[in-house]
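Asker: Take this structure first; my questions come after.
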Amino acid sequence: MLSETADYLSYERHKCKIAMGNETSERIQTSILNALEKKALIWLAERQPAWVTSDFLTYVGVAGAVLFAVFCYLANTDLFYMWLAPLGLVINWYGDSLDGTLARVRKLQRPVYGFFIDHSLDALTTCVICAGIGLSPMMHMDVALVFLAGYLCMSIYTYLSTIVMSEFRLTYGKLGPTEVRLIIIAVCILYIYNPWKGVYFDAFDREWSVFDIIGAVVGAVLFLIYICSMVSDLRKLALKDPAKPYRKP
């Protein structure tokens, strides 16, 4: 039993090297804006002053998420702040998307450290952004948390795919983090001009705004993608790693 556990842990450590960049891991990036975004990030990275580092940009991304949440909350007192909330997401995109590109352009990659800090803070910023949506007048907090749960499930699935199948899935279908940010920005602007802000629908013993319904649908879609991807990959993994018949010792 101990030897089997040791073999399994050794195998997992070997796979973790793939996740952290020590071995080849296929990057799956099929989003709508991927090609354009990549060119823009390289252009920006080549023009950053020397004092701007990858770590600095990573923390700028976190600060952008915090700004978004603060402006969303302040929109309860003045709708003008809803105009400023997208600025936080733009700053978040700038820091979060440019940090890795800057390291690659300058040939200063830190695969282990970079992988750890990037994805650790990604989870934090996702929580902050969804909390901001829940604190805003757009959407109830419980609906925003459903969206958060779906997004985090997809993030966890990305890390599992990286370790188990050597596939680092940055996007699913045509949507990636950048497209999700743009959707949130579009929803913020739509809320400002929405003439049905005060319209609510009664269902399941509660009132639902139009944006509650949008958030619930998006959350449900994320869970659906997660489940469908899991079922599809389980079939592939079952063929690669078939069950062995038990033989009584």
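So you can find residues: chains in the structure tokens are A, B, ... in the order shown, residues in each start at 1, and ligands are numbered from 1 in order.
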I want to know what sits within 9 Å of A:Leu148, based on only C-alpha atoms, with residues of the same chain fewer than 2 positions away left out; could you give that as a list in words?

Answerer: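 Neighbouring residues, sequence-local ones excluded: Thr126, Cys127, Ile129, Cys130, Ala131, Val143, Ala144, Leu145, Val146, Gly150, Tyr151, Leu152, Cys153 and Gly219 of chain A.
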
Asker: Would you mind listing, for every residue of stretch 91-187 of chain A within 6 Å of stretch 47-68 of chain A, the two atoms forming the shortest contact and the distance between them in Å to one decimal, using only C-alpha atoms, sorted by chain and ascending residue number, as a tab-separated table?

Answerer:
```
residue	atom	partner	partner_atom	distance
A:Ile91	CA	A:Gly64	CA	4.8
A:Asn92	CA	A:Gly61	CA	3.8
A:Gly95	CA	A:Gly61	CA	4.1
A:Asp96	CA	A:Gly61	CA	4.9
A:Asp99	CA	A:Ser54	CA	4.4
A:Thr125	CA	A:Ala65	CA	5.7
A:Ile129	CA	A:Ala65	CA	5.6
```

Asker: Considering only C-alpha atoms, can you say which of A:Val231, A:Ile32, A:Leu135, A:Ile42 comes closest to A:Pro177?

Answerer: A:Ile32

Asker: Using DSSP on the backbone, list every residue of stretch 5-249 of chain A that comes out as strand (DSSP E), and give them as a ChimeraX atom specification.

Answerer: /A:26-28,167-169,200-203,206-209

Asker: Keeping only N, CA, C and O atoms, write those residues as a compact mmCIF listing (two decimals), in the first residue's frame.

Answerer:
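File produced: again38.txt:
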```txt
# COMPACT_ATOMS: atom_id res chain seq x y z
N GLU A 26 0.47 21.67 -23.72
CA GLU A 26 -0.22 22.34 -24.81
C GLU A 26 -1.13 23.44 -24.27
O GLU A 26 -1.96 23.23 -23.41
N ARG A 27 -0.95 24.66 -24.80
CA ARG A 27 -1.79 25.79 -24.40
C ARG A 27 -2.95 25.90 -25.38
O ARG A 27 -2.75 26.13 -26.58
N ILE A 28 -4.16 25.69 -24.89
CA ILE A 28 -5.36 25.76 -25.73
C ILE A 28 -5.97 27.13 -25.57
O ILE A 28 -6.52 27.48 -24.52
N GLU A 167 -2.90 19.70 -20.90
CA GLU A 167 -3.58 20.70 -21.70
C GLU A 167 -3.91 21.89 -20.81
O GLU A 167 -4.72 21.78 -19.89
N PHE A 168 -3.28 23.01 -21.08
CA PHE A 168 -3.54 24.22 -20.31
C PHE A 168 -4.61 25.02 -21.04
O PHE A 168 -4.33 25.77 -21.96
N ARG A 169 -5.85 24.87 -20.61
CA ARG A 169 -7.00 25.45 -21.31
C ARG A 169 -7.24 26.88 -20.82
O ARG A 169 -7.84 27.09 -19.78
N TYR A 200 -39.25 43.79 -11.35
CA TYR A 200 -38.86 42.52 -10.74
C TYR A 200 -39.91 41.45 -11.07
O TYR A 200 -41.08 41.75 -11.28
N PHE A 201 -39.43 40.22 -11.14
CA PHE A 201 -40.29 39.08 -11.42
C PHE A 201 -40.31 38.16 -10.20
O PHE A 201 -39.26 37.90 -9.60
N ASP A 202 -41.49 37.70 -9.86
CA ASP A 202 -41.62 36.79 -8.73
C ASP A 202 -41.46 35.34 -9.19
O ASP A 202 -42.17 34.90 -10.10
N ALA A 203 -40.53 34.63 -8.59
CA ALA A 203 -40.32 33.21 -8.91
C ALA A 203 -39.55 32.57 -7.77
O ALA A 203 -38.63 33.19 -7.20
N ARG A 206 -39.18 34.56 -4.39
CA ARG A 206 -38.28 35.71 -4.29
C ARG A 206 -38.47 36.59 -5.52
O ARG A 206 -39.07 36.18 -6.51
N GLU A 207 -37.93 37.80 -5.46
CA GLU A 207 -38.00 38.72 -6.58
C GLU A 207 -36.70 38.66 -7.38
O GLU A 207 -35.60 38.64 -6.81
N TRP A 208 -36.85 38.66 -8.71
CA TRP A 208 -35.71 38.58 -9.61
C TRP A 208 -35.71 39.82 -10.50
O TRP A 208 -36.70 40.12 -11.15
N SER A 209 -34.57 40.51 -10.54
CA SER A 209 -34.42 41.59 -11.52
C SER A 209 -33.99 40.98 -12.86
O SER A 209 -33.63 39.80 -12.93
```
